[in-house]
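A.B. asks: Got query36.txt for you, compact mmCIF, C-alpha atoms:
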# COMPACT_ATOMS: atom_id res chain seq x y z
CA GLY A 13 -21.34 -11.61 -11.15
CA ARG A 14 -19.60 -11.18 -7.80
CA ASN A 15 -20.26 -14.79 -6.76
CA ALA A 16 -18.76 -16.07 -9.99
CA GLU A 17 -15.71 -13.89 -9.43
CA ASN A 18 -15.31 -15.19 -5.88
CA THR A 19 -15.54 -18.74 -7.19
CA ARG A 20 -12.95 -18.05 -9.84
CA LEU A 21 -10.52 -16.54 -7.35
CA CYS A 22 -10.99 -19.41 -4.96
CA GLY A 23 -10.39 -21.87 -7.77
CA ARG A 24 -7.04 -20.30 -8.52
CA LYS A 25 -5.99 -20.79 -4.90
CA SER A 26 -7.75 -24.04 -4.20
CA ALA A 27 -5.21 -25.24 -1.64
CA ALA A 28 -5.46 -22.03 0.36
CA CYS A 29 -9.25 -21.98 0.17
CA ARG A 30 -9.68 -25.58 1.35
CA PRO A 31 -10.67 -25.75 5.06
CA ALA A 32 -8.17 -27.33 7.41
CA GLY A 33 -10.46 -30.23 8.24
CA ALA A 34 -10.91 -31.34 4.63
CA ASN A 35 -9.63 -34.75 3.61
CA GLN A 36 -8.18 -35.61 0.23
CA MET A 37 -11.65 -36.17 -1.22
CA GLY A 38 -12.67 -32.64 -0.19
CA MET A 39 -15.26 -33.87 2.37
CA LEU A 40 -15.88 -32.16 5.71
CA THR A 41 -17.69 -33.28 8.84
CA PHE A 42 -19.56 -30.64 10.84
CA ARG A 43 -20.75 -31.55 14.31
CA ALA A 44 -23.54 -29.69 16.07
CA LEU A 45 -22.46 -27.44 18.95
CA ALA A 46 -24.03 -27.77 22.36
CA GLN A 47 -23.87 -23.99 22.83
CA PRO A 48 -22.91 -20.89 20.85
CA LEU A 49 -19.24 -20.17 20.38
CA ALA A 50 -17.79 -17.47 22.65
CA GLY A 51 -14.26 -16.10 22.79
CA GLN A 52 -11.80 -13.65 21.35
CA ILE A 53 -9.35 -13.93 18.48
CA ARG A 54 -6.60 -11.65 17.18
CA PRO A 55 -6.14 -12.25 13.46
CA PRO A 56 -2.62 -11.64 12.18
CA GLY A 57 -1.96 -8.40 10.40
CA SER A 58 -1.76 -8.64 6.62
CA MET A 59 1.03 -7.17 4.53
CA THR A 60 -1.41 -4.85 2.78
CA THR A 61 -2.96 -3.49 5.98
CA SER A 62 0.46 -3.12 7.59
CA CYS A 63 1.93 -1.09 4.72
CA LEU A 64 -1.14 1.15 4.55
CA ALA A 65 -1.11 1.74 8.30
CA LEU A 66 2.64 2.48 8.33
CA THR A 67 2.20 5.04 5.57
CA ALA A 68 -0.77 6.71 7.27
CA ALA A 69 1.08 6.87 10.60
CA SER A 70 4.14 8.43 8.95
CA LEU A 71 2.07 11.13 7.25
CA ALA A 72 -0.03 11.83 10.35
CA ASP A 73 0.82 14.55 12.84
CA GLY A 74 2.06 13.05 16.12
CA MET A 75 2.95 9.71 17.66
CA SER A 76 1.25 6.48 16.53
CA THR A 77 1.73 2.93 17.80
CA LEU A 78 0.82 0.09 15.45
CA ARG A 79 0.37 -3.41 16.87
CA GLY A 80 0.01 -6.81 15.25
CA LEU A 81 1.87 -5.83 12.11
CA SER A 82 3.02 -8.19 9.43
CA LEU A 83 6.80 -7.91 9.35
CA GLY A 84 7.44 -9.80 6.15
CA GLN A 85 9.76 -8.65 3.42
CA ALA A 86 7.37 -6.13 1.86
CA SER A 87 6.57 -4.49 5.20
CA ARG A 88 10.26 -4.19 6.01
CA HIS A 89 10.93 -2.52 2.67
CA MET A 90 8.11 -0.11 3.50
CA LEU A 91 9.63 0.58 6.92
CA ASP A 92 13.07 1.17 5.42
CA ASN A 93 11.70 3.61 2.84
CA LEU A 94 9.65 5.51 5.40
CA ALA A 95 12.63 5.70 7.76
CA THR A 96 14.67 7.25 4.94
CA LEU A 97 11.95 9.75 3.98
CA ILE A 98 10.33 10.57 7.33
CA GLY A 99 12.74 9.60 10.07
CA PRO A 100 13.54 6.78 12.51
CA PHE A 101 10.97 4.65 14.30
CA MET A 102 10.91 2.26 17.24
CA LEU A 103 10.44 -1.37 16.22
CA ASP A 104 9.69 -4.23 18.63
CA ALA A 105 9.86 -7.15 16.22
CA PRO A 106 8.91 -9.96 18.65
CA ALA A 107 5.78 -8.04 19.65
CA ARG A 108 5.14 -6.97 16.03
CA ARG A 109 4.80 -3.38 17.24
CA VAL A 110 6.06 -0.15 15.68
CA THR A 111 5.96 3.35 17.14
CA ILE A 112 6.25 6.17 14.60
CA ARG A 113 6.37 9.91 15.11
CA GLY A 114 4.47 11.30 12.16
CA THR A 115 5.64 14.52 10.59
CA GLY A 116 2.36 15.90 9.31
CA ALA A 117 3.39 15.07 5.74
CA PHE A 118 6.74 16.85 6.05
CA ILE A 119 9.24 14.76 4.08
CA ARG A 120 12.67 15.27 5.61
CA ALA A 121 14.75 13.66 2.87
CA GLU A 122 15.57 15.92 -0.07
CA GLN A 123 17.17 13.09 -2.03
CA ALA A 124 16.80 9.32 -1.75
CA ASP A 125 17.26 6.06 -3.64
CA LEU A 126 14.48 3.73 -2.47
CA TYR A 127 13.98 0.00 -2.98
CA CYS A 128 10.60 -1.78 -2.97
CA GLY A 129 11.47 -5.45 -3.53
CA HIS A 130 8.76 -7.33 -5.44
CA SER A 131 5.79 -5.33 -4.13
CA PRO A 132 3.72 -2.98 -6.37
CA LEU A 133 1.93 -1.79 -3.22
CA VAL A 134 5.20 -0.72 -1.57
CA LEU A 135 6.24 1.05 -4.76
CA CYS A 136 2.95 2.96 -5.06
CA LEU A 137 2.94 4.00 -1.40
CA THR A 138 6.60 5.02 -1.51
CA ALA A 139 6.04 7.07 -4.66
CA ALA A 140 3.00 8.76 -3.13
CA VAL A 141 4.96 9.76 -0.02
CA CYS A 142 7.81 11.09 -2.19
CA ALA A 143 5.28 13.13 -4.16
CA ALA A 144 4.47 15.11 -1.02
CA GLY A 145 8.13 16.03 -0.57
CA TYR A 146 10.44 18.66 -1.99
CA GLY A 147 13.37 16.85 -3.53
CA ARG A 148 14.57 14.26 -6.01
CA TYR A 149 13.76 10.60 -5.47
CA ARG A 150 14.46 7.37 -7.33
CA ILE A 151 12.19 4.39 -6.68
CA ASP A 152 13.14 0.92 -7.90
CA GLY A 153 12.53 -2.74 -7.16
CA SER A 154 13.41 -6.24 -8.22
CA ALA A 155 13.56 -7.48 -11.81
CA ARG A 156 10.05 -8.85 -11.33
CA LEU A 157 8.73 -5.49 -10.14
CA ARG A 158 10.30 -3.76 -13.12
CA ARG A 159 7.97 -5.78 -15.33
CA GLU A 160 4.92 -4.31 -13.56
CA SER A 161 3.20 -1.37 -15.21
CA VAL A 162 2.88 1.71 -13.02
CA ALA A 163 1.61 3.95 -15.81
CA PRO A 164 -1.68 4.88 -14.01
CA LEU A 165 0.27 6.02 -10.95
CA VAL A 166 2.74 8.02 -13.03
CA ARG A 167 -0.08 9.77 -14.90
CA ALA A 168 -1.95 10.51 -11.68
CA LEU A 169 1.09 12.06 -9.99
CA LYS A 170 1.73 14.20 -13.06
CA ASP A 171 -1.87 15.41 -12.84
CA LEU A 172 -1.12 16.56 -9.28
CA GLY A 173 1.91 18.56 -10.40
CA VAL A 174 4.70 16.06 -9.67
CA GLN A 175 7.52 15.84 -12.18
CA THR A 176 7.70 12.11 -12.86
CA ALA A 177 9.68 10.05 -15.36
CA CYS A 178 10.50 6.40 -15.92
CA GLU A 179 14.22 5.76 -16.08
CA GLN A 180 14.17 2.90 -18.59
CA LEU A 181 10.88 1.60 -20.01
CA GLU A 182 7.98 4.05 -20.11
CA GLY A 183 5.37 3.17 -17.50
CA HIS A 184 7.69 0.84 -15.56
CA PRO A 185 10.13 1.20 -12.66
CA PRO A 186 12.59 2.67 -11.90
CA ILE A 187 10.65 5.91 -11.36
CA MET A 188 12.28 9.32 -10.94
CA LEU A 189 10.33 11.97 -9.01
CA ALA A 190 11.13 15.63 -8.59
CA GLY A 191 8.78 16.75 -5.86
CA THR A 192 7.66 20.32 -5.37
CA GLY A 193 4.68 19.46 -3.18
CA LEU A 194 1.29 18.26 -4.34
CA ARG A 195 -0.78 21.07 -5.82
CA GLY A 196 -4.15 19.26 -5.97
CA GLY A 197 -6.31 18.73 -9.02
CA THR A 198 -8.41 16.09 -10.72
CA ILE A 199 -7.19 12.53 -11.30
CA SER A 200 -9.06 10.43 -13.82
CA LEU A 201 -8.35 6.72 -13.38
CA GLN A 202 -9.38 4.49 -16.27
CA ASN A 203 -9.78 0.76 -16.93
CA GLN A 204 -10.22 -0.57 -13.39
CA PRO A 205 -7.10 0.80 -11.70
CA ALA A 206 -5.25 -1.50 -9.34
CA PRO A 207 -6.27 -1.20 -5.67
CA HIS A 208 -2.77 -0.23 -4.56
CA VAL A 209 -2.76 2.73 -6.96
CA VAL A 210 -6.07 4.05 -5.62
CA SER A 211 -5.06 3.52 -2.00
CA ALA A 212 -1.73 5.29 -2.40
CA LEU A 213 -3.39 8.31 -4.01
CA LEU A 214 -6.11 8.52 -1.36
CA LEU A 215 -3.57 8.34 1.46
CA VAL A 216 -1.47 11.18 0.13
CA ALA A 217 -4.35 13.35 -1.18
CA PRO A 218 -4.90 15.17 2.17
CA CYS A 219 -1.27 16.36 1.94
CA ALA A 220 -1.98 18.39 -1.22
CA GLY A 221 -2.15 22.16 -1.21
CA GLY A 222 -5.53 22.11 -2.95
CA ASP A 223 -8.51 19.85 -3.31
CA VAL A 224 -7.97 16.47 -4.96
CA PHE A 225 -10.76 14.86 -6.97
CA VAL A 226 -10.40 11.21 -7.95
CA GLU A 227 -12.60 10.05 -10.81
CA LEU A 228 -13.10 6.28 -10.92
CA PRO A 229 -14.57 4.26 -13.78
CA ALA A 230 -18.08 2.88 -13.46
CA ALA A 231 -18.47 -0.44 -11.63
CA SER A 232 -15.12 -0.03 -9.89
CA ASP A 233 -15.93 -1.73 -6.56
CA THR A 234 -12.84 -3.93 -6.68
CA CYS A 235 -10.45 -1.00 -6.95
CA LEU A 236 -11.39 0.13 -3.42
CA LEU A 237 -10.37 -3.08 -1.68
CA TYR A 238 -7.21 -1.62 -0.15
CA THR A 239 -8.43 1.80 0.86
CA SER A 240 -7.90 3.01 4.42
CA PRO A 241 -8.45 6.20 6.49
CA SER A 242 -6.63 9.33 5.43
CA PRO A 243 -3.68 10.55 7.55
CA ARG A 244 -5.83 13.32 9.05
CA ASP A 245 -8.29 10.70 10.30
CA LEU A 246 -5.53 8.86 12.16
CA SER A 247 -5.74 9.62 15.86
CA THR A 248 -2.50 10.31 17.70
Output the file's structure in the form of C-alpha cells.
C.D. replies:
Amino acid sequence: GRNAENTRLCGRKSAACRPAGANQMGMLTFRALAQPLAGQIRPPGSMTTSCLALTAASLADGMSTLRGLSLGQASRHMLDNLATLIGPFMLDAPARRVTIRGTGAFIRAEQADLYCGHSPLVLCLTAAVCAAGYGRYRIDGSARLRRESVAPLVRALKDLGVQTACEQLEGHPPIMLAGTGLRGGTISLQNQPAPHVVSALLLVAPCAGGDVFVELPAASDTCLLYTSPSPRDLST
C-alpha cells in the first residue's frame, strides 16, 4: 500500500530521511513545549517546482516574477533553453528571483539546438515547449540522459501532431522535433508514465489548437506528483 511505498522510499534514502537530532543509534529525544509553536518559514524552492514554474511563466501571456527559485544546474539549463525559445529574462541570482515576459505560447525561435544536462524533467519540458512552436529543434543531454527512455513523451507528441524522431536510439535522446503547432487530440499514457512526462504534457496542452484529452492508466496517483497549474491559470 501507500505506507509500504513510503517506507520503501525512505529506506532507500535513509540518511536524508533521518531527523537532524538523531544520534548514531537512531534515537531521538522530544521535549514537551510550554506553548504552541508560532512563526513563519520560507522553504527553499525545489528544482522540480522551479522548472515547472519557469515553463508556465514562459508560456503565459504577460509578465511574471518568480521568487525563491532553485538555481541549480537543472534549473539553469531550463532557463537557458527557455531564453533561446522564448526570449531573454531578468535574473537576480542572489535573491533567487526571475522576471519573465511570457509570450502566450508564441515560440520565437524557428531553429534551436538545446541541452538538458542530466535532467529528464528539463528534457520533457523543453520538448513540450518546442512542440508548441513552428520550427526545427534538436534536444539533447548528457551521456546519462541519453540512457533514459523518453518513448512515452515521443508517442504523446506524435499523437498531438508533432513530427518527432530520435536521432540515434529509438525512444532515447537526442530528439528531433519539427513543430507545426499542436493540433490537439487524445493521448493515451500506459504503464504508469513518469511524472515529468505527464506534467510537461499538461503544461503545454492549453497551447494546442484543439482540445487535448489525456488518458491515464488506473491507479495512477503517483504520476500526478509534479503537476502544476496550466499557463492560462498563471496570473500576470
A.B. asks: Between atom CA of A:Asp152 and atom CA of A:Tyr127, measure the distance and give it in Å to one decimal.
C.D. replies: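 If I compute the distance from atom CA of A:Asp152 to atom CA of A:Tyr127, I get 5.1 Å.
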A.B. asks: Please list as a PyMOL selection string every residue within 9 Å of stretch 179-188 of chain A, counting all atoms listed in the file and excluding residues in the same chain fewer than 4 positions away.
C.D. replies: chain A and resi 135+139+148-153+157-167+175
A.B. asks: Suppose you want the space between atom CA of A:Glu122 and atom CA of A:Tyr146; what is it in Å?
C.D. replies: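 Distance reported for this atom pair: 6.1 Å.
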A.B. asks: State, in Å with one decimal place, the distance from atom CA of A:Ala217 to atom CA of A:Ala190.
C.D. replies: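 Straight-line distance from atom CA of A:Ala217 to atom CA of A:Ala190 works out to 17.3 Å.
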A.B. asks: Fewer than 3 positions away in the same chain doesn't count, so skip those; otherwise give me all residues within 6 Å of stretch 196-206 of chain A, counting only C-alpha atoms, as a ChimeraX atom specification.
C.D. replies: /A:168,172,209,220-229,235
A.B. asks: List as a PyMOL selection string the protein and nucleic acid residues near A:Thr111, meaning an atom at most 6 Å away when only C-alpha atoms are counted, but skip any in the same chain fewer than 4 places from it.
C.D. replies: chain A and resi 76-77+101-102
A.B. asks: Considering all atoms listed in the file, state which residue in the set A:Ala86, A:Leu189, A:Ala46, A:Ala72 is at the smallest distance from A:Ser58.
C.D. replies: A:Ala86
A.B. asks: Pick from A:Cys136, A:Cys219, A:Leu194, A:Leu91: nearest to A:Gly116, with all atoms listed in the file counted?
C.D. replies: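 Comparing A:Cys136, A:Cys219, A:Leu194, A:Leu91 against A:Gly116, the winner is A:Cys219.
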